[in-house]
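Note: the block below is input_39.cif and it holds mmCIF, C-alpha atoms.
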```cif
data_target
#
loop_
_atom_site.label_atom_id
_atom_site.label_comp_id
_atom_site.auth_asym_id
_atom_site.auth_seq_id
_atom_site.Cartn_x
_atom_site.Cartn_y
_atom_site.Cartn_z
CA MET G 1 190.51 35.06 92.31
CA ARG G 2 189.51 36.83 95.50
CA TYR G 3 186.19 35.74 96.96
CA HIS G 4 184.16 37.86 99.39
CA ARG G 5 183.96 35.02 101.86
CA ARG G 6 185.61 36.17 105.05
CA GLY G 7 182.48 37.91 106.20
CA GLN G 8 180.47 34.76 105.59
CA GLU G 9 182.42 33.02 108.36
CA ARG G 10 180.78 35.29 110.97
CA ARG G 11 177.21 36.31 111.65
CA VAL G 12 175.44 39.46 112.78
CA ASP G 13 171.90 39.05 114.10
CA GLY G 14 171.76 35.55 112.62
CA ARG G 15 172.69 36.68 109.10
CA TYR G 16 175.82 35.65 107.23
CA LEU G 17 177.63 38.70 105.94
CA GLY G 18 179.13 39.04 102.47
CA VAL G 19 177.63 38.36 99.06
CA LEU G 20 179.06 37.64 95.66
CA SER G 21 180.18 40.60 93.61
CA ALA G 22 178.73 41.08 90.13
CA ASP G 23 182.02 39.85 88.63
CA GLN G 24 181.99 36.73 90.78
CA ASN G 25 178.39 36.03 89.83
CA ARG G 26 179.31 36.24 86.14
CA THR G 27 182.27 33.94 86.74
CA LEU G 28 180.03 31.30 88.28
CA THR G 29 177.22 31.52 85.75
CA GLU G 30 178.81 32.05 82.31
CA VAL G 31 179.49 28.66 80.74
CA GLY G 32 180.50 29.32 77.14
CA ALA G 33 183.80 28.33 75.58
CA GLY G 34 186.63 30.45 76.95
CA THR G 35 184.88 31.36 80.21
CA PRO G 36 186.32 30.25 83.57
CA MET G 37 183.25 28.22 84.54
CA GLY G 38 182.95 26.84 81.04
CA ALA G 39 186.53 25.60 81.28
CA LEU G 40 185.81 23.89 84.62
CA LEU G 41 182.55 22.22 83.59
CA ARG G 42 184.10 20.94 80.36
CA ARG G 43 186.37 18.72 82.48
CA TYR G 44 183.35 16.55 83.35
CA TRP G 45 181.17 14.18 81.33
CA MET G 46 177.65 15.59 80.97
CA PRO G 47 174.49 13.52 80.38
CA ILE G 48 172.82 15.02 77.33
CA ALA G 49 170.16 12.51 76.25
CA GLY G 50 168.62 9.14 76.90
CA VAL G 51 169.83 6.19 74.85
CA ALA G 52 166.20 5.46 74.00
CA GLU G 53 165.76 8.89 72.41
CA LEU G 54 167.67 7.79 69.33
CA ASP G 55 165.63 4.61 68.81
CA GLN G 56 163.15 6.22 66.44
CA THR G 57 165.06 9.29 65.25
CA PRO G 58 168.83 8.68 65.16
CA THR G 59 169.79 12.38 65.22
CA LYS G 60 169.10 15.02 67.84
CA ALA G 61 169.90 18.72 67.92
CA VAL G 62 171.76 19.50 71.15
CA ARG G 63 172.87 22.76 72.72
CA LEU G 64 175.44 22.21 75.44
CA LEU G 65 177.56 24.77 77.30
CA GLY G 66 176.63 27.36 74.69
CA GLU G 67 177.62 25.20 71.70
CA ASP G 68 175.17 24.08 69.00
CA LEU G 69 175.78 20.41 68.24
CA VAL G 70 174.18 17.33 66.71
CA LEU G 71 174.07 13.97 68.47
CA TYR G 72 173.64 10.88 66.32
CA ARG G 73 173.90 7.09 66.25
CA ASP G 74 174.99 5.54 62.97
CA LYS G 75 173.89 2.15 61.65
CA ARG G 76 176.82 0.40 63.32
CA GLY G 77 175.60 1.73 66.67
CA THR G 78 178.44 4.24 67.02
CA TYR G 79 177.55 7.55 68.68
CA GLY G 80 178.86 10.90 67.55
CA LEU G 81 178.56 14.53 68.64
CA LEU G 82 179.45 17.06 65.96
CA ASP G 83 179.16 20.76 65.34
CA ARG G 84 175.58 21.42 64.28
CA HIS G 85 176.63 23.03 60.98
CA CYS G 86 178.27 21.33 58.03
CA PRO G 87 181.64 22.94 57.14
CA HIS G 88 180.64 23.01 53.47
CA ARG G 89 177.74 25.50 53.36
CA ARG G 90 176.62 25.48 57.04
CA ALA G 91 173.57 23.23 56.63
CA ASP G 92 172.01 21.93 59.85
CA LEU G 93 173.38 18.42 60.39
CA SER G 94 170.58 17.49 62.76
CA TYR G 95 168.64 16.89 59.52
CA GLY G 96 171.44 14.72 58.20
CA VAL G 97 171.21 11.04 57.27
CA VAL G 98 172.94 8.36 59.30
CA GLU G 99 174.93 5.83 57.30
CA GLU G 100 176.71 2.60 58.15
CA CYS G 101 179.60 4.76 59.26
CA GLY G 102 178.89 8.35 60.18
CA LEU G 103 176.47 11.15 59.41
CA ARG G 104 175.88 12.46 55.90
CA CYS G 105 174.79 16.05 55.25
CA HIS G 106 171.41 16.13 53.54
CA TYR G 107 172.36 19.19 51.49
CA HIS G 108 175.31 18.02 49.35
CA GLY G 109 176.12 14.60 50.76
CA TRP G 110 179.35 15.28 52.62
CA LEU G 111 179.91 12.45 55.12
CA TYR G 112 181.53 12.71 58.57
CA ASP G 113 182.51 10.12 61.16
CA GLU G 114 182.38 10.41 64.97
CA ARG G 115 185.90 11.87 65.04
CA GLY G 116 184.88 14.70 62.74
CA ARG G 117 186.76 13.42 59.69
CA CYS G 118 185.23 14.01 56.27
CA LEU G 119 184.87 10.61 54.62
CA ALA G 120 183.15 11.57 51.38
CA GLN G 121 182.36 14.55 49.13
CA PRO G 122 180.42 13.00 46.23
CA TYR G 123 180.71 15.65 43.52
CA GLU G 124 184.17 16.89 44.49
CA GLU G 125 185.49 13.32 44.31
CA THR G 126 183.90 12.91 40.89
CA ALA G 127 185.21 16.20 39.50
CA HIS G 128 188.70 16.15 41.03
CA PRO G 129 189.47 12.79 42.64
CA GLU G 130 193.16 13.55 42.73
CA ALA G 131 192.66 16.63 44.90
CA ARG G 132 191.53 14.63 47.95
CA PHE G 133 189.79 17.75 49.21
CA LYS G 134 187.99 15.72 51.88
CA ASP G 135 191.29 15.05 53.67
CA ARG G 136 191.57 18.76 54.44
CA ILE G 137 188.07 19.05 55.96
CA THR G 138 187.06 18.31 59.53
CA VAL G 139 184.10 19.22 61.69
CA LYS G 140 184.31 19.84 65.42
CA SER G 141 183.60 16.64 67.31
CA TYR G 142 183.34 15.44 70.89
CA PRO G 143 183.39 11.92 72.40
CA VAL G 144 180.12 10.28 73.45
CA GLU G 145 179.60 7.25 75.68
CA ALA G 146 176.49 5.30 76.61
CA LYS G 147 176.07 4.29 80.25
CA ALA G 148 173.06 3.49 82.45
CA GLY G 149 170.57 4.42 79.73
CA LEU G 150 172.13 7.86 79.28
CA LEU G 151 174.35 9.35 76.59
CA TRP G 152 177.29 11.31 77.98
CA ALA G 153 179.39 13.96 76.25
CA TYR G 154 182.84 15.30 77.09
CA LEU G 155 183.79 18.74 75.78
CA GLY G 156 187.09 19.16 77.61
CA PRO G 157 190.74 18.66 76.76
CA PRO G 158 192.27 15.19 76.45
CA PRO G 159 192.75 12.84 78.07
CA ALA G 160 189.12 12.50 79.07
CA PRO G 161 188.38 11.01 82.49
CA LEU G 162 186.14 7.96 82.78
CA VAL G 163 182.36 8.25 82.83
CA PRO G 164 181.74 7.43 86.51
CA THR G 165 180.05 4.12 87.22
CA TRP G 166 178.07 5.35 90.20
CA GLU G 167 176.98 2.55 92.53
CA PRO G 168 173.27 2.63 91.55
CA PHE G 169 174.29 2.01 87.92
CA THR G 170 175.43 -1.46 89.04
CA TRP G 171 172.28 -2.43 90.94
CA LYS G 172 170.17 -5.33 89.69
CA ASN G 173 166.44 -5.99 89.80
CA GLY G 174 165.35 -2.42 89.32
CA PHE G 175 163.10 -0.40 87.03
CA VAL G 176 164.95 2.65 85.69
CA GLN G 177 163.59 5.64 83.83
CA VAL G 178 165.22 8.80 82.48
CA VAL G 179 163.27 12.07 82.54
CA LEU G 180 164.30 15.32 80.84
CA SER G 181 163.05 18.88 81.19
CA GLU G 182 164.36 22.15 79.78
CA ILE G 183 164.40 24.88 82.42
CA PRO G 184 164.69 28.55 81.35
CA CYS G 185 167.28 29.65 83.89
CA ASN G 186 170.97 29.36 84.67
CA TRP G 187 172.39 26.04 85.89
CA LEU G 188 173.81 27.37 89.16
CA GLN G 189 170.53 28.34 90.80
CA CYS G 190 169.36 24.80 89.98
CA GLN G 191 172.44 23.21 91.51
CA GLU G 192 172.35 25.39 94.63
CA ASN G 193 169.02 23.73 95.36
CA SER G 194 171.04 20.50 95.80
CA ILE G 195 172.73 21.79 98.96
CA ASP G 196 169.69 23.53 100.48
CA PRO G 197 167.85 21.04 102.70
CA VAL G 198 165.56 23.59 104.38
CA HIS G 199 163.81 24.29 101.09
CA PHE G 200 162.31 20.80 101.31
CA GLU G 201 160.37 21.72 104.45
CA TRP G 202 158.90 24.86 102.89
CA LEU G 203 158.75 24.43 99.11
CA HIS G 204 157.61 20.80 99.21
CA GLY G 205 156.22 20.38 102.71
CA ASN G 206 154.33 23.57 103.45
CA TRP G 207 153.62 24.72 99.90
CA SER G 208 152.28 21.31 98.83
CA ARG G 209 149.70 21.67 101.62
CA VAL G 210 148.79 25.20 100.58
CA LEU G 211 148.39 24.13 96.94
CA ARG G 212 145.98 21.38 97.97
CA GLY G 213 144.13 23.32 100.66
CA ILE G 214 145.31 21.00 103.41
CA ASP G 215 145.88 22.21 106.97
CA GLY G 216 148.86 21.31 109.09
CA ARG G 217 152.59 21.62 108.68
CA PRO G 218 155.51 19.27 107.98
CA PRO G 219 158.27 18.49 110.47
CA THR G 220 160.61 21.44 110.92
CA HIS G 221 164.40 21.30 110.67
CA LEU G 222 166.19 21.29 114.02
CA LYS G 223 169.82 20.81 112.97
CA LEU G 224 171.92 20.92 109.79
CA ALA G 225 175.45 19.91 108.87
CA PHE G 226 177.44 20.08 105.64
CA ASP G 227 180.54 18.02 104.90
CA GLU G 228 182.79 17.88 101.86
CA PHE G 229 183.83 14.50 100.44
CA GLU G 230 185.71 13.36 97.35
CA PHE G 231 182.75 13.61 94.98
CA GLY G 232 180.94 16.64 96.35
CA PHE G 233 179.22 17.57 99.58
CA VAL G 234 176.94 15.74 101.98
CA TYR G 235 174.14 17.56 103.74
CA ARG G 236 172.72 16.10 106.94
CA ARG G 237 169.64 17.05 108.91
CA VAL G 238 167.66 16.33 112.05
CA LEU G 239 163.94 16.87 111.64
CA GLU G 240 161.33 17.35 114.30
CA GLY G 241 160.44 13.91 115.64
CA GLN G 242 163.80 12.40 114.58
CA SER G 243 167.20 12.10 116.23
CA GLU G 244 170.88 12.01 115.40
CA ASN G 245 170.56 8.23 115.10
CA ASP G 246 168.47 8.58 111.94
CA GLU G 247 170.24 8.06 108.62
CA LEU G 248 169.26 11.54 107.49
CA TRP G 249 171.92 12.61 110.02
CA THR G 250 174.36 9.67 110.09
CA VAL G 251 174.50 9.22 106.29
CA GLY G 252 172.85 12.23 104.63
CA ARG G 253 172.21 13.16 101.01
CA SER G 254 174.76 14.15 98.37
CA CYS G 255 175.30 17.30 96.36
CA LEU G 256 177.30 15.49 93.69
CA TRP G 257 180.09 17.45 92.04
CA PRO G 258 179.82 19.56 90.02
CA ASN G 259 176.17 19.70 88.92
CA CYS G 260 174.07 16.89 90.38
CA LEU G 261 171.84 15.95 93.30
CA PHE G 262 171.97 12.33 94.46
CA THR G 263 169.49 11.14 97.05
CA GLY G 264 170.10 7.39 97.15
CA ALA G 265 167.77 6.05 94.46
CA HIS G 266 167.95 8.79 91.90
CA PHE G 267 170.18 11.45 90.35
CA GLU G 268 169.24 14.92 89.12
CA TRP G 269 171.82 16.54 86.84
CA ARG G 270 171.57 20.25 86.03
CA VAL G 271 173.27 20.39 82.62
CA PRO G 272 174.00 23.88 81.28
CA ILE G 273 172.48 24.44 77.86
CA ASP G 274 173.80 28.00 77.88
CA ASP G 275 173.92 30.87 80.36
CA ALA G 276 170.13 31.16 80.59
CA ASN G 277 168.86 27.60 80.11
CA THR G 278 169.41 24.24 81.81
CA LEU G 279 168.62 20.65 80.89
CA SER G 280 167.32 18.77 83.92
CA VAL G 281 168.31 15.11 83.56
CA GLY G 282 166.73 12.74 86.07
CA TRP G 283 167.72 9.07 86.49
CA PHE G 284 165.32 7.11 88.72
CA PHE G 285 165.77 3.60 90.14
CA ASP G 286 162.92 1.64 91.72
CA ARG G 287 163.86 -1.71 93.25
CA VAL G 288 161.37 -4.45 92.39
CA PRO G 289 160.11 -6.59 95.29
CA ASN G 290 161.77 -9.93 95.98
CA GLU G 291 158.77 -11.83 94.58
CA MET G 292 159.39 -10.22 91.15
CA GLU G 293 163.05 -11.27 90.94
CA PRO G 294 164.89 -11.87 88.77
CA PHE G 295 163.97 -8.74 86.83
CA GLU G 296 166.00 -7.49 83.88
CA GLN G 297 164.92 -4.33 82.12
CA GLU G 298 165.33 -4.65 78.36
CA ARG G 299 165.11 -0.95 77.64
CA ILE G 300 165.39 2.13 79.86
CA PRO G 301 162.62 4.54 78.83
CA CYS G 302 163.31 8.23 78.38
CA TRP G 303 160.59 10.88 78.38
CA TYR G 304 160.20 14.66 78.57
CA SER G 305 158.29 16.21 81.44
CA PRO G 306 156.25 19.38 80.76
CA ILE G 307 157.02 22.37 82.95
CA LYS G 308 154.08 24.63 81.98
CA ASP G 309 150.34 24.11 81.88
CA PRO G 310 149.42 24.65 78.19
CA LEU G 311 145.98 26.00 79.13
CA THR G 312 147.05 28.62 81.68
CA GLY G 313 150.68 29.25 80.81
CA ARG G 314 151.51 28.82 84.51
CA TRP G 315 154.28 26.60 85.81
CA VAL G 316 153.27 23.06 86.79
CA THR G 317 153.32 22.82 90.61
CA SER G 318 151.93 19.35 91.33
CA HIS G 319 155.16 17.32 91.50
CA ILE G 320 158.34 17.55 93.57
CA MET G 321 160.80 18.60 90.87
CA ASN G 322 158.23 20.81 89.17
CA GLN G 323 158.00 22.74 92.44
CA ASP G 324 161.79 23.08 92.36
CA PHE G 325 161.61 24.44 88.81
CA VAL G 326 159.17 27.15 89.91
CA ALA G 327 161.60 28.29 92.60
CA TRP G 328 164.55 28.31 90.21
CA VAL G 329 162.98 30.24 87.34
CA GLY G 330 161.49 32.68 89.84
CA GLN G 331 165.01 33.94 90.54
CA GLY G 332 165.30 35.17 86.96
CA ALA G 333 167.17 33.81 83.98
CA VAL G 334 170.41 34.42 85.89
CA ALA G 335 169.99 35.09 89.61
CA ASP G 336 171.46 38.39 90.80
CA ARG G 337 173.39 37.20 93.84
CA THR G 338 174.57 40.70 94.70
CA LEU G 339 171.10 41.32 96.16
CA GLU G 340 170.99 38.29 98.47
CA HIS G 341 170.86 38.20 102.26
CA LEU G 342 172.34 34.86 103.29
CA GLY G 343 171.46 33.12 106.53
CA GLU G 344 172.33 30.04 108.58
CA SER G 345 170.48 27.68 106.23
CA ASP G 346 172.69 28.88 103.36
CA ARG G 347 175.97 27.51 104.72
CA GLY G 348 175.97 24.72 102.15
CA VAL G 349 175.33 27.14 99.30
CA ILE G 350 178.24 29.28 100.46
CA MET G 351 180.52 26.23 100.61
CA VAL G 352 179.63 25.17 97.06
CA ARG G 353 180.17 28.67 95.62
CA ARG G 354 183.52 28.93 97.35
CA LYS G 355 184.58 25.52 96.07
CA LEU G 356 183.57 26.34 92.52
CA LEU G 357 185.73 29.46 92.59
CA GLU G 358 188.62 27.48 94.06
CA GLU G 359 188.29 24.81 91.38
CA ILE G 360 188.17 27.45 88.65
CA ASP G 361 191.47 28.78 89.98
CA ARG G 362 192.88 25.25 90.07
CA VAL G 363 192.02 24.63 86.42
CA GLN G 364 193.42 28.00 85.39
CA ARG G 365 196.69 27.01 87.06
CA GLY G 366 196.76 23.78 85.08
CA GLY G 367 195.59 21.51 87.90
CA GLU G 368 193.16 18.59 87.97
CA PRO G 369 189.71 19.55 89.29
CA LYS G 370 187.77 17.78 92.01
CA GLY G 371 185.95 14.50 91.58
CA LEU G 372 187.32 13.05 88.35
CA VAL G 373 187.58 9.27 88.00
CA ARG G 374 190.55 7.91 86.05
CA ASP G 375 191.21 4.52 87.65
CA ALA G 376 189.42 1.81 85.67
CA GLU G 377 189.42 -0.69 88.53
CA ARG G 378 187.88 1.80 90.91
CA ASN G 379 185.36 2.75 88.27
CA ARG G 380 183.85 -0.72 88.34
CA CYS G 381 181.64 0.70 91.12
CA VAL G 382 182.04 4.16 92.65
CA THR G 383 180.27 4.13 96.02
CA LEU G 384 178.38 7.08 97.46
CA PRO G 385 176.59 7.81 100.76
CA ILE G 386 173.23 6.01 100.46
CA ILE G 387 170.42 5.99 102.99
CA ASP G 388 168.82 2.53 103.39
CA ARG G 389 171.27 0.90 100.98
CA ALA G 390 170.08 -2.61 101.88
CA ARG G 391 166.62 -1.86 100.50
CA TYR G 392 168.06 -1.25 97.03
CA VAL G 393 170.63 -4.04 97.09
CA LYS G 394 168.79 -6.85 98.90
CA GLY G 395 165.23 -5.83 98.16
CA PHE G 396 162.04 -6.20 100.19
CA PRO G 397 158.83 -8.24 100.16
CA ARG G 398 155.99 -7.27 97.89
CA ASP G 399 153.74 -6.08 100.72
CA GLN G 400 156.24 -3.26 101.38
CA VAL G 401 156.08 -1.75 97.90
CA ALA G 402 153.30 0.72 98.65
CA PRO G 403 154.52 1.99 102.04
CA GLU G 404 157.85 3.17 100.62
CA ILE G 405 160.11 4.18 103.50
CA ALA G 406 159.56 7.91 104.01
CA LYS G 407 163.05 8.93 105.06
CA THR G 408 162.27 12.60 104.52
CA PRO G 409 158.71 13.15 105.74
CA GLY G 410 156.67 16.21 104.91
CA PRO G 411 155.28 16.68 101.39
CA ILE G 412 151.76 15.90 100.25
CA LEU G 413 152.38 14.03 97.02
CA PRO G 414 150.48 13.20 93.85
CA GLU G 415 149.60 9.64 92.94
CA GLY G 416 151.99 7.58 90.86
CA PHE G 417 155.37 9.00 89.86
CA VAL G 418 155.86 11.83 92.35
CA PHE G 419 158.87 13.62 90.96
CA LEU G 420 157.79 14.98 87.57
CA ALA G 421 154.52 15.56 85.78
CA GLY G 422 153.51 13.87 82.55
CA GLN G 423 154.73 10.29 82.88
CA PRO G 424 153.62 8.47 79.71
CA GLU G 425 151.02 5.76 80.21
CA GLU G 426 153.26 3.07 78.72
CA VAL G 427 156.02 3.88 81.23
CA ARG G 428 153.54 3.83 84.11
CA ARG G 429 152.19 0.51 82.88
CA ASP G 430 155.65 -1.05 82.55
CA PHE G 431 156.61 0.19 86.01
CA ARG G 432 153.53 -1.29 87.63
CA ARG G 433 154.05 -4.59 85.87
CA ALA G 434 157.69 -4.70 87.02
CA MET G 435 156.66 -3.97 90.60
CA GLY G 436 153.84 -6.48 90.57
CA LEU G 437 151.22 -3.75 90.99
CA ASP G 438 149.30 -4.24 87.77
CA ARG G 439 146.34 -5.73 89.61
CA GLU G 440 146.23 -3.04 92.28
CA PRO G 441 145.22 0.62 92.18
CA ALA G 442 148.10 3.11 92.01
CA ARG G 443 149.34 4.35 95.35
CA ASP G 444 151.45 7.27 96.49
CA VAL G 445 155.18 6.88 96.91
CA ARG G 446 157.11 9.10 99.28
CA ALA G 447 159.74 11.54 98.11
CA ARG G 448 163.39 12.35 98.34
CA SER G 449 165.61 15.28 99.23
#
```

Hey, can you dump this file as structure tokens for me?
Amino acid sequence: MRYHRRGQERRVDGRYLGVLSADQNRTLTEVGAGTPMGALLRRYWMPIAGVAELDQTPTKAVRLLGEDLVLYRDKRGTYGLLDRHCPHRRADLSYGVVEECGLRCHYHGWLYDERGRCLAQPYEETAHPEARFKDRITVKSYPVEAKAGLLWAYLGPPPAPLVPTWEPFTWKNGFVQVVLSEIPCNWLQCQENSIDPVHFEWLHGNWSRVLRGIDGRPPTHLKLAFDEFEFGFVYRRVLEGQSENDELWTVGRSCLWPNCLFTGAHFEWRVPIDDANTLSVGWFFDRVPNEMEPFEQERIPCWYSPIKDPLTGRWVTSHIMNQDFVAWVGQGAVADRTLEHLGESDRGVIMVRRKLLEEIDRVQRGGEPKGLVRDAERNRCVTLPIIDRARYVKGFPRDQVAPEIAKTPGPILPEGFVFLAGQPEEVRRDFRRAMGLDREPARDVRARS
């Protein structure tokens, strides 16, 4: 596929020339079965839920890459992901009943296992047991794995790669939480945010001051660099008041391939629900202080963050990721990239778009796309660029909990959990207890990006 990229290698009056054509924009944003981008993204495991979500209700309706599915955990603890509709009369299996083995349709009792095999058809087996009609019935199914408090689904062709064991998944003595939000826009404008460091200065730094009526400005960006590595791209920056000796330049942050931001202590996946909606999946690690060790979390909580104020109907703007959401949905359900005017700060965005188109071509030619993990020994711990790694691995004394190292200065932040609005009180309470803060008033924690 030809990409209008040559012009983007040169500038006129500080502006990068060349934009995506309408066809290229569709190629990058359409994710359904049979589409080029859909074929690429299906080669990767996608986080679709928190393990804790199925504690109370063992079934969950899921829409992923344009497919309507049902996620479940049966009484043995086996996870399954099936077509939402029963092959018998198309009943919604998200209302089905989990059994010792599999999911039974609530309408006529047909039973399916995690591989999509029909195990039972009560009346048909009574009326015509010799026919073994059930052996001729299957329902579409996909593999599911649990890792790091998340449930992962793979919709691609076999053999499936391994679910990556990213380095933070192996860390001890930490409080982890999973936070989900449904965003009404296409996945790509969310992911492009992951390779756009300058937005942090303006969307989070300047705008957070405007929203709170506070004077002043955050440090401005002086220098940017973007580098590709095996599992994505690294963006590096020098901010006003910092130097090239700072880890924001020597280490950087990661735009993790193909649809994630990784900042050192947390991940943000942008999982395509369909062409016009995205599931934001956040995984957050907070290292407990040395005085609270050893700490072992019995259960990783999972909660949904609201994105709109129910009283005003306006987008929530108080928290870091909520501010991101406002920027993403403001571009429309699917951003029209034919109307863009790209500049120097967009070099990373251009690199990611180009790589996506290259990887689409690779898959169409029968090749293996970027960033898959297939070696089990390597997958014991897949390392990534991490700023201040020692803080997460070795820990810190309790008197350093509140003044969290502000590696990316700038934003004015809310109290408590700064990334997303609506943290449940029980999660806040458990976090403070784990950190040894339950006798102290809540304090701000500095942000990422």

(request) Just say which residues the PyMOL selection byres ((chain G and resi 72) around 8) picks in this file, as a PyMOL selection string. (result) chain G and resi 54+58-60+70-71+73-74+79-81+98+103

(message) Suppose a student applies the PyMOL selection byres ((chain G and resi 249-265) around 7) to this structure; what residues should they get, written as a PyMOL selection string?
(response) chain G and resi 191+194-195+231-238+244-248+266-271+284-285+371+385-387+448-449

(request) Give as a list in words the residues that the PyMOL selection byres ((chain G and resi 296) around 12) matches when applied to the coordinates above. (result)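 Matching residues under the PyMOL selection byres ((chain G and resi 296) around 12) are Trp171, Lys172, Asn173, Gly174, Phe175, Val176, Arg287, Val288, Met292, Glu293, Pro294, Phe295, Gln297, Glu298, Arg299, Ile300 and Ala434 of chain G.
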
(request) May I ask for the distance between atom CA of G:His85 and atom CA of G:Tyr142, given in Å to one decimal place? (result)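 According to the coordinates, atom CA of G:His85 and atom CA of G:Tyr142 are separated by 14.2 Å.
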
Once 4 Å is added on each side, what are the centre and the three edge lengths, in Å to one decimal, of the axis-aligned box enclosing the listed atoms of stretch 328-345 of chain G? Present them as AutoDock Vina command-line options.
```
--center_x 168.0 --center_y 34.5 --center_z 96.3 --size_x 21.1 --size_y 21.6 --size_z 32.6
```

(message) When you count all atoms listed in the file, which of these residues is closest to G:Val382: G:Val19, G:Val144, G:Phe169, G:Leu111?
(response)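 Answer, going by the shortest atom-to-atom distance: G:Phe169.
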
(request) Name the residues in contact with G:His108 at a cut-off of 10 Å, using all atoms listed in the file, excluding same-chain residues fewer than 3 positions from it; report them as an MDAnalysis selection string. (result) chainID G and resid 86 88:89 91 104:105 111 121:123

(message) Just the number, please: distance in Å from atom CA of G:Glu99 to atom CA of G:Val163, one decimal.
(response)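 Interatomic distance here is 26.7 Å.
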
(message) Could you check the closest approach to G:Ala148 for each of G:Glu167, G:Asp275, G:Asp430, G:Asp68 and tell me which residue wins, using all atoms listed in the file?
(response) G:Glu167

(request) Mind checking which residues fall within 8 Å of G:Arg217, counting all atoms listed in the file, ignoring those fewer than 3 positions away in the same chain, and posting them as a list of chain:residue names? (result)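 Those residues are G:Gly205, G:Asn206, G:Arg209, G:Gly410.
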
Grab the residues selected above and save them as a CSV table (one decimal), keeping the file's coordinate frame with C-alpha atoms.
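Heads up, here's the output in result34.csv:
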```
chain,number,residue,atom,x,y,z
G,205,GLY,CA,156.2,20.4,102.7
G,206,ASN,CA,154.3,23.6,103.4
G,209,ARG,CA,149.7,21.7,101.6
G,410,GLY,CA,156.7,16.2,104.9
```

(request) One decimal, Å: what's the distance from atom CA of G:Asn379 over to atom CA of G:Thr170, could you say? (result)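 Calculated distance between atom CA of G:Asn379 and atom CA of G:Thr170 is 10.8 Å.
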
(request) For the point (167.1, 5.3, 81.0) in the file's frame, write as a PyMOL selection string all residues with an atom no more than 7 Å away, counting all atoms listed in the file. (result) chain G and resi 50-51+148-150+176-178+283+300-302

Export C-alpha atoms of the chosen residues as a PDB file, in the coordinates of the input?
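Listing of part.pdb after writing:
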```pdb
ATOM      1  CA  GLY G  50     168.620   9.140  76.900  1.00  0.00           C
ATOM      2  CA  VAL G  51     169.830   6.190  74.850  1.00  0.00           C
ATOM      3  CA  ALA G 148     173.060   3.490  82.450  1.00  0.00           C
ATOM      4  CA  GLY G 149     170.570   4.420  79.730  1.00  0.00           C
ATOM      5  CA  LEU G 150     172.130   7.860  79.280  1.00  0.00           C
ATOM      6  CA  VAL G 176     164.950   2.650  85.690  1.00  0.00           C
ATOM      7  CA  GLN G 177     163.590   5.640  83.830  1.00  0.00           C
ATOM      8  CA  VAL G 178     165.220   8.800  82.480  1.00  0.00           C
ATOM      9  CA  TRP G 283     167.720   9.070  86.490  1.00  0.00           C
ATOM     10  CA  ILE G 300     165.390   2.130  79.860  1.00  0.00           C
ATOM     11  CA  PRO G 301     162.620   4.540  78.830  1.00  0.00           C
ATOM     12  CA  CYS G 302     163.310   8.230  78.380  1.00  0.00           C
TER      13      CYS G 302
END
```

(request) For each of G:Leu40, G:Ala52, G:Val401, G:Leu339, take the minimum atom-to-atom distance to G:Glu291, counting all atoms listed in the file, then give the residue where this is smallest. (result)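 With all atoms listed in the file as the atom set, the closest residue is G:Val401.
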
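For the set G:His341, G:Lys355, G:Asn193, G:Gln242, the residue with the smallest atom-to-atom gap to G:Phe229 is G:Lys355, counting all atoms listed in the file.
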
Any idea what's packed within 9 Å of G:Glu100, counting all atoms listed in the file, ignoring anything in its chain fewer than 6 positions away? Could you give it as a PDB file with C-alpha atoms, keeping the file's coordinate frame?
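Result saved to out_11.pdb:
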```pdb
ATOM      1  CA  ASP G  74     174.990   5.540  62.970  1.00  0.00           C
ATOM      2  CA  LYS G  75     173.890   2.150  61.650  1.00  0.00           C
ATOM      3  CA  ARG G  76     176.820   0.400  63.320  1.00  0.00           C
ATOM      4  CA  GLY G  77     175.600   1.730  66.670  1.00  0.00           C
TER       5      GLY G  77
END
```
